[in-house]
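The structure file run.txt is reproduced below (compact mmCIF, C-alpha atoms).
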```txt
# COMPACT_ATOMS: atom_id res chain seq x y z
CA MET A 1 92.49 96.05 83.76
CA GLU A 2 92.12 92.71 82.01
CA PHE A 3 92.58 89.25 83.52
CA LYS A 4 91.96 85.74 82.25
CA ASN A 5 89.26 85.20 84.88
CA ASP A 6 88.12 86.37 88.33
CA VAL A 7 90.53 84.00 90.10
CA ALA A 8 93.47 85.62 88.29
CA ALA A 9 92.15 89.06 89.30
CA LEU A 10 91.98 88.03 92.98
CA ASP A 11 95.52 86.63 92.75
CA ALA A 12 96.66 90.00 91.37
CA LEU A 13 94.90 91.79 94.25
CA ARG A 14 96.72 89.59 96.77
CA GLU A 15 100.09 90.44 95.17
CA LYS A 16 99.27 94.17 95.16
CA HIS A 17 98.27 93.92 98.83
CA LYS A 18 101.66 92.38 99.70
CA GLU A 19 103.47 95.17 97.84
CA LEU A 20 101.36 97.83 99.59
CA LYS A 21 102.07 96.37 103.03
CA ASN A 22 105.81 96.07 102.41
CA GLU A 23 105.98 99.69 101.26
CA ILE A 24 103.96 100.98 104.24
CA LYS A 25 106.16 99.01 106.67
CA LYS A 26 109.21 100.94 105.47
CA VAL A 27 107.71 104.01 107.18
CA ILE A 28 105.29 102.68 109.84
CA TYR A 29 106.59 100.20 112.43
CA GLY A 30 104.64 97.93 114.77
CA GLN A 31 101.12 98.72 113.54
CA ASP A 32 100.62 95.67 111.29
CA GLU A 33 97.07 94.96 112.45
CA VAL A 34 96.02 98.59 111.93
CA ILE A 35 97.55 98.61 108.42
CA ASP A 36 95.66 95.38 107.58
CA GLN A 37 92.33 96.84 108.71
CA VAL A 38 92.83 100.11 106.83
CA LEU A 39 93.58 98.17 103.61
CA VAL A 40 90.57 95.85 104.13
CA SER A 41 88.38 98.93 104.50
CA LEU A 42 89.88 100.58 101.40
CA PHE A 43 89.15 97.60 99.14
CA SER A 44 85.69 97.18 100.74
CA ARG A 45 84.87 100.82 99.84
CA GLY A 46 84.49 101.73 103.52
CA HIS A 47 85.78 104.48 105.83
CA VAL A 48 87.90 104.19 108.99
CA LEU A 49 87.88 105.93 112.36
CA LEU A 50 91.33 105.73 114.01
CA ILE A 51 91.28 106.22 117.78
CA GLY A 52 94.52 106.60 119.73
CA VAL A 53 96.49 108.86 122.01
CA PRO A 54 98.74 111.52 120.41
CA GLY A 55 102.05 110.42 118.91
CA LEU A 56 101.05 106.95 117.64
CA ALA A 57 101.61 107.91 113.95
CA LYS A 58 97.93 108.12 113.00
CA THR A 59 98.53 111.07 110.68
CA LEU A 60 101.79 109.60 109.33
CA LEU A 61 99.99 106.33 108.55
CA VAL A 62 97.33 108.13 106.49
CA THR A 63 99.90 110.32 104.69
CA THR A 64 102.03 107.26 103.85
CA ILE A 65 99.02 105.32 102.52
CA ALA A 66 98.02 108.30 100.36
CA LYS A 67 101.52 108.45 98.79
CA ILE A 68 101.62 104.69 98.17
CA LEU A 69 98.17 104.71 96.56
CA GLY A 70 99.17 107.54 94.25
CA LEU A 71 95.88 109.35 94.87
CA LYS A 72 94.91 112.96 95.51
CA TYR A 73 95.09 113.52 99.24
CA ASN A 74 93.85 116.34 101.50
CA ARG A 75 94.19 116.80 105.22
CA ILE A 76 91.45 118.74 107.03
CA GLN A 77 92.27 119.88 110.56
CA PHE A 78 88.91 119.98 112.34
CA THR A 79 88.52 122.92 114.72
CA PRO A 80 85.53 124.43 116.59
CA ASP A 81 85.27 127.34 114.11
CA LEU A 82 85.29 125.18 110.94
CA MET A 83 82.16 125.71 108.81
CA PRO A 84 80.63 123.32 106.22
CA SER A 85 81.66 125.66 103.38
CA ASP A 86 85.29 125.38 104.57
CA ILE A 87 85.32 121.68 103.66
CA ILE A 88 82.75 121.49 100.83
CA GLY A 89 83.64 124.66 98.96
CA THR A 90 81.81 127.89 98.24
CA GLU A 91 80.41 130.01 95.42
CA ILE A 92 82.30 133.14 94.46
CA LEU A 93 81.60 135.95 92.01
CA ASP A 94 84.16 135.87 89.18
CA ASN A 95 85.44 138.78 87.07
CA GLU A 96 82.54 138.45 84.65
CA ARG A 97 80.07 138.70 87.56
CA ASN A 98 79.03 135.04 87.30
CA PHE A 99 78.81 132.71 90.27
CA LYS A 100 81.48 130.03 90.19
CA PHE A 101 81.80 127.09 92.60
CA VAL A 102 85.26 126.72 94.14
CA GLN A 103 85.82 123.16 95.37
CA GLY A 104 86.82 122.63 98.99
CA PRO A 105 89.30 120.07 100.38
CA LEU A 106 86.64 117.29 100.32
CA PHE A 107 87.24 117.00 96.57
CA ALA A 108 90.06 114.46 96.81
CA ASN A 109 90.40 110.66 96.84
CA ILE A 110 91.75 110.31 100.38
CA ILE A 111 90.62 112.63 103.17
CA LEU A 112 92.30 112.77 106.55
CA ALA A 113 89.71 114.23 108.93
CA ASP A 114 92.07 115.08 111.79
CA GLU A 115 90.47 115.25 115.27
CA ILE A 116 86.98 114.93 113.83
CA ASN A 117 85.33 115.36 117.25
CA ARG A 118 86.67 118.93 117.59
CA THR A 119 84.24 120.41 115.04
CA PRO A 120 80.52 121.25 115.56
CA PRO A 121 77.71 118.92 114.37
CA LYS A 122 76.90 121.19 111.38
CA THR A 123 80.34 120.52 109.86
CA GLN A 124 80.34 116.87 110.92
CA SER A 125 77.04 116.38 109.04
CA ALA A 126 78.57 117.87 105.85
CA LEU A 127 81.26 115.19 106.02
CA LEU A 128 78.56 112.61 106.80
CA GLU A 129 76.76 113.33 103.51
CA ALA A 130 80.01 113.04 101.54
CA MET A 131 80.84 109.69 103.20
CA GLN A 132 77.43 108.18 102.58
CA GLU A 133 76.43 109.65 99.22
CA ARG A 134 79.93 110.19 97.80
CA ALA A 135 78.58 113.58 96.75
CA VAL A 136 78.10 117.00 98.34
CA THR A 137 75.40 119.64 98.07
CA ALA A 138 76.37 123.30 97.80
CA ALA A 139 74.16 126.26 96.82
CA GLY A 140 71.38 123.82 95.95
CA GLN A 141 73.57 121.87 93.51
CA ARG A 142 74.85 118.34 93.84
CA PHE A 143 78.50 117.65 93.07
CA GLU A 144 79.75 114.07 92.67
CA LEU A 145 83.03 113.16 94.34
CA GLU A 146 85.73 111.35 92.40
CA SER A 147 86.11 107.60 92.89
CA PRO A 148 87.74 106.09 94.91
CA PHE A 149 86.73 108.20 97.91
CA PHE A 150 88.14 107.15 101.27
CA VAL A 151 87.82 108.99 104.61
CA LEU A 152 90.22 108.27 107.48
CA ALA A 153 89.23 110.19 110.61
CA THR A 154 91.29 110.44 113.80
CA GLN A 155 90.14 110.96 117.35
CA ASN A 156 91.97 111.44 120.64
CA PRO A 157 90.29 109.38 123.42
CA ILE A 158 91.92 111.27 126.31
CA GLU A 159 91.18 114.96 125.99
CA GLN A 160 87.39 115.41 125.79
CA GLU A 161 87.16 119.07 126.85
CA GLY A 162 85.76 121.26 124.07
CA THR A 163 84.84 118.31 121.84
CA TYR A 164 81.61 117.38 120.05
CA PRO A 165 81.11 113.60 120.35
CA LEU A 166 80.21 112.00 117.03
CA PRO A 167 76.50 111.10 116.84
CA GLU A 168 75.64 107.40 116.44
CA ALA A 169 74.36 108.06 112.88
CA GLN A 170 77.79 109.31 111.83
CA LEU A 171 79.70 106.61 113.69
CA ASP A 172 77.63 104.06 111.78
CA ARG A 173 78.98 105.45 108.49
CA PHE A 174 82.47 104.26 109.41
CA MET A 175 83.10 100.67 108.43
CA PHE A 176 85.83 100.21 111.05
CA SER A 177 86.65 101.77 114.39
CA VAL A 178 90.32 100.94 114.97
CA TRP A 179 92.09 101.39 118.30
CA LEU A 180 95.79 102.18 118.06
CA ASP A 181 97.88 100.96 120.97
CA TYR A 182 101.39 101.88 122.10
CA PRO A 183 104.11 100.14 120.06
CA LYS A 184 106.05 97.19 121.48
CA TYR A 185 109.44 97.91 123.04
CA GLU A 186 111.44 96.60 120.04
CA ASP A 187 109.28 98.56 117.58
CA GLU A 188 109.69 101.74 119.62
CA LEU A 189 113.49 101.25 119.57
CA THR A 190 113.37 101.09 115.76
CA ILE A 191 111.07 104.15 115.56
CA VAL A 192 113.33 106.26 117.79
CA LYS A 193 116.51 105.08 116.05
CA ASN A 194 115.21 105.92 112.57
CA THR A 195 113.45 109.18 113.37
CA THR A 196 116.37 110.69 115.28
CA SER A 197 118.94 110.03 112.55
CA MET A 198 119.38 110.91 108.87
CA TYR A 199 117.37 107.80 107.85
CA GLU A 200 114.67 108.77 105.36
CA VAL A 201 112.37 106.71 103.18
CA GLU A 202 110.20 108.18 100.46
CA PRO A 203 107.42 105.65 99.76
CA LYS A 204 106.64 105.08 96.08
CA ALA A 205 103.21 104.77 94.48
CA ILE A 206 102.19 101.11 94.09
CA ILE A 207 98.61 101.23 92.80
CA THR A 208 96.44 103.66 90.83
CA GLY A 209 92.91 104.92 91.48
CA LYS A 210 91.57 102.94 88.50
CA GLU A 211 93.10 99.72 89.85
CA ILE A 212 91.59 100.35 93.30
CA THR A 213 88.11 100.90 91.78
CA PHE A 214 88.52 97.72 89.70
CA PHE A 215 89.47 95.64 92.78
CA GLN A 216 86.63 97.21 94.85
CA ASN A 217 84.15 96.02 92.21
CA MET A 218 85.92 92.64 92.07
CA ILE A 219 85.36 92.12 95.82
CA ARG A 220 81.59 92.46 95.28
CA LYS A 221 81.72 89.44 92.94
CA VAL A 222 83.31 87.14 95.56
CA PRO A 223 80.79 84.35 96.37
CA VAL A 224 79.68 83.75 99.97
CA ASN A 225 78.33 80.45 101.33
CA ASP A 226 74.96 80.59 103.07
CA ASN A 227 76.43 79.44 106.41
CA VAL A 228 78.85 82.42 106.42
CA LEU A 229 76.03 84.82 105.49
CA GLN A 230 73.85 83.39 108.29
CA TYR A 231 76.70 83.63 110.80
CA ALA A 232 77.32 87.32 109.97
CA VAL A 233 73.63 88.28 110.21
CA SER A 234 73.17 86.21 113.40
CA LEU A 235 76.18 87.89 114.99
CA ALA A 236 74.69 91.35 114.37
CA ALA A 237 71.26 90.17 115.61
CA LYS A 238 72.81 88.78 118.82
CA THR A 239 73.91 92.31 119.81
CA ARG A 240 70.32 93.63 119.95
CA PRO A 241 69.01 93.43 123.53
CA GLY A 242 65.40 92.32 123.84
CA GLY A 243 65.35 90.89 120.31
CA GLU A 244 64.34 87.30 119.56
CA ASN A 245 67.94 86.40 118.62
CA ALA A 246 69.63 88.43 121.36
CA ALA A 247 72.53 86.79 123.20
CA GLU A 248 72.43 86.61 127.00
CA VAL A 249 75.45 88.94 127.26
CA ALA A 250 73.60 91.54 125.12
CA ASN A 251 70.48 91.45 127.31
CA GLN A 252 72.69 91.79 130.36
CA TYR A 253 75.14 94.51 129.31
CA LEU A 254 73.92 96.36 126.20
CA LYS A 255 71.50 99.25 125.77
CA TRP A 256 71.58 99.27 121.94
CA GLY A 257 72.85 96.79 119.37
CA ALA A 258 74.22 96.97 115.83
CA GLY A 259 71.94 97.72 112.86
CA PRO A 260 71.73 96.05 109.43
CA ARG A 261 74.71 98.08 108.15
CA ALA A 262 76.88 96.02 110.54
CA SER A 263 75.66 92.80 108.83
CA GLN A 264 76.48 94.26 105.41
CA TYR A 265 79.98 95.31 106.50
CA LEU A 266 80.62 91.94 108.21
CA VAL A 267 79.99 90.15 104.90
CA LEU A 268 81.83 92.70 102.76
CA GLY A 269 84.78 92.85 105.17
CA ALA A 270 84.96 89.04 105.30
CA LYS A 271 85.05 88.90 101.49
CA THR A 272 87.94 91.38 101.37
CA HIS A 273 89.80 89.73 104.26
CA ALA A 274 89.52 86.37 102.50
CA ALA A 275 90.66 87.78 99.12
CA LEU A 276 93.68 89.52 100.65
CA ASN A 277 94.69 86.29 102.40
CA GLY A 278 94.57 83.99 99.39
CA LYS A 279 91.03 82.60 99.69
CA TYR A 280 88.42 82.80 96.94
CA SER A 281 85.45 82.69 99.29
CA PRO A 282 85.20 83.82 102.94
CA ASP A 283 84.63 81.48 105.87
CA ILE A 284 83.48 82.14 109.44
CA GLU A 285 87.07 82.85 110.55
CA ASP A 286 87.17 85.81 108.15
CA VAL A 287 84.01 87.24 109.75
CA LYS A 288 85.52 86.79 113.23
CA ALA A 289 88.76 88.50 112.15
CA ILE A 290 87.06 91.78 111.24
CA ALA A 291 84.05 91.66 113.63
CA PRO A 292 85.53 93.59 116.63
CA SER A 293 86.37 96.69 114.55
CA ILE A 294 82.95 96.64 112.88
CA LEU A 295 80.90 96.15 116.07
CA ARG A 296 83.02 98.26 118.47
CA HIS A 297 81.35 101.60 117.64
CA ARG A 298 77.90 100.20 116.92
CA ILE A 299 76.95 98.75 120.30
CA ILE A 300 76.25 100.83 123.39
CA LYS A 301 76.79 99.59 126.94
CA ASN A 302 74.18 99.97 129.69
CA TYR A 303 74.66 101.11 133.30
CA LYS A 304 75.30 97.56 134.51
CA ALA A 305 78.23 97.15 132.10
CA GLU A 306 79.66 100.51 133.25
CA ALA A 307 79.23 99.55 136.93
CA GLU A 308 80.94 96.19 136.41
CA ASN A 309 83.69 97.79 134.31
CA LYS A 310 82.94 95.62 131.26
CA SER A 311 84.67 96.86 128.11
CA ILE A 312 83.05 96.79 124.65
CA ASP A 313 85.79 94.40 123.46
CA ASP A 314 85.04 91.99 126.35
CA ILE A 315 81.36 91.90 125.32
CA ILE A 316 82.27 91.37 121.64
CA GLU A 317 84.59 88.52 122.61
CA LYS A 318 81.73 86.79 124.44
CA LEU A 319 79.41 87.33 121.46
CA LEU A 320 81.99 85.72 119.16
```
Before we go any further, please render this structure as structure tokens.
Amino acid sequence: MEFKNDVAALDALREKHKELKNEIKKVIYGQDEVIDQVLVSLFSRGHVLLIGVPGLAKTLLVTTIAKILGLKYNRIQFTPDLMPSDIIGTEILDNERNFKFVQGPLFANIILADEINRTPPKTQSALLEAMQERAVTAAGQRFELESPFFVLATQNPIEQEGTYPLPEAQLDRFMFSVWLDYPKYEDELTIVKNTTSMYEVEPKAIITGKEITFFQNMIRKVPVNDNVLQYAVSLAAKTRPGGENAAEVANQYLKWGAGPRASQYLVLGAKTHAALNGKYSPDIEDVKAIAPSILRHRIIKNYKAEAENKSIDDIIEKLL
């Protein structure tokens, strides 16, 4: 892709973003904020954990995005008997008695890890390596994954029987933790009306993998003022109880705070949020806009917060 300058490239990204949103909205109703955060994560080269009760179109959202992005897409249904080789791939003996590696479903651009907390830690850690390294190891060999590589995992917050909670190390690999809420009454009317009739929309591909990779690299070039950088790092530091920069609310209600990866994602997310909203450099408002989804799964409440029924979002609001 060739543009006159970086400003023209960011303008093109903003136009593509509008097209993507309009196409997604033809299929998904009433989840505008969720769509925004998924697209911010995509262009920031991050991964997303979608948490919501069944029936809120989590899977449909991911499938629609995959079609619109025109990328190779695989859905992996996580179950208690799923083994690492089931997602990475395995070596088989071919007709000429040579070992040949057969790629698993992880070898795609977009992965839907459905009900990720239903599979044992051994399989979760195989996905963890792919998310962090963008490569997998099988039979002692390293295999690079194609770029762009984007994992969207879903989790049901209600039914916890027979689940394997994600370890903090793996949660930290997700850029965003996004809560999906019930749709508004008007949106639900539209959903029911369209899904119980002959109304059908087939979303069309808007952007290619090469364009996504170009825009992901473009985001890295976006300049950030020192005051925005300091605000992002200070915000992460405020969540760490007992630290020299800890906020009073953190000392009172938190057991653990966010690590340096939160600071990195706050800056990167703010850059993308600014670029998608017509700004050429992020400000503090951009950091605030994406902060709850970045901090939500990185801070852990203490017993006092549980006893006083303080939610993570309440604590984040006070920190902001």
Item to complete: Skip range 219-225 of chain A itself and residues of its chain fewer than 3 positions away, then list as a VMD selection string all residues within 10 Å of it, counting all atoms listed in the file.
Response: chain A and resid 6 to 7 9 to 10 13 43 to 45 214 to 216 228 to 230 267 to 276 279 to 284
Discussion item. Can you measure CA of Gly278 in chain A to CA of Lys318 in chain A for me? One decimal in Å is fine.
Written reply: 28.3 Å
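The interatomic distance for the pair CA of Ile316 in chain A and CA of Pro292 in chain A works out to 6.4 Å.
Here CA of Ile35 in chain A is placed at a distance of 26.4 Å from CA of Thr119 in chain A.
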Residues of range 188-242 of chain A that approach range 20-32 of chain A to 8 Å or less, counting all atoms listed in the file: could you list each one with the shortest pair of atoms and its distance in Å to one decimal, rows by chain and increasing residue number, as CSV?
```
residue,atom,partner,partner_atom,distance
A:Glu188,CA,A:Gly30,CA,8.0
A:Thr190,CA,A:Tyr29,CA,7.6
A:Ile191,CA,A:Tyr29,CA,6.7
A:Val201,CA,A:Val27,CA,6.7
A:Pro203,CA,A:Glu23,CA,6.3
A:Lys204,CA,A:Glu23,CA,7.5
A:Ile206,CA,A:Leu20,CA,6.5
```
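Distance cut-off 12 Å, centre (71.7, 99.8, 104.7), atoms counted all atoms listed in the file; the residues meeting this are Gln132, Ala169, Asp172, Arg173, Ala258, Gly259, Pro260, Arg261, Ala262, Ser263, Gln264 and Tyr265 of chain A.
Considering the residues A:Phe150, A:Tyr164, A:Tyr253, A:Tyr182 and counting all atoms listed in the file, Pro54 in chain A has its shortest atom-to-atom contact with A:Tyr182.
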Discussion item. So that I can see what lies close to range 81-90 of chain A, please list as a list in words the residues with an atom at most 9 Å from it, counting all atoms listed in the file and leaving out residues fewer than 4 positions away in the same chain.
Written reply: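 Counting only the stated atoms, we get Ile76, Gln77, Lys100, Phe101, Val102, Gln103, Gly104, Pro105, Leu106, Phe107, Thr119, Pro120, Lys122, Thr123, Gln124, Ser125, Ala126, Leu127, Ala130, Val136, Thr137, Ala138 and Ala139 of chain A.
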Worksheet entry | Residue with smallest distance to Ser177 in chain A - pool A:Thr154, A:Gln252, A:Asn95, A:Thr196, counting all atoms listed in the file |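 Of A:Thr154, A:Gln252, A:Asn95, A:Thr196, the one nearest Ser177 in chain A, counting all atoms listed in the file, is A:Thr154.
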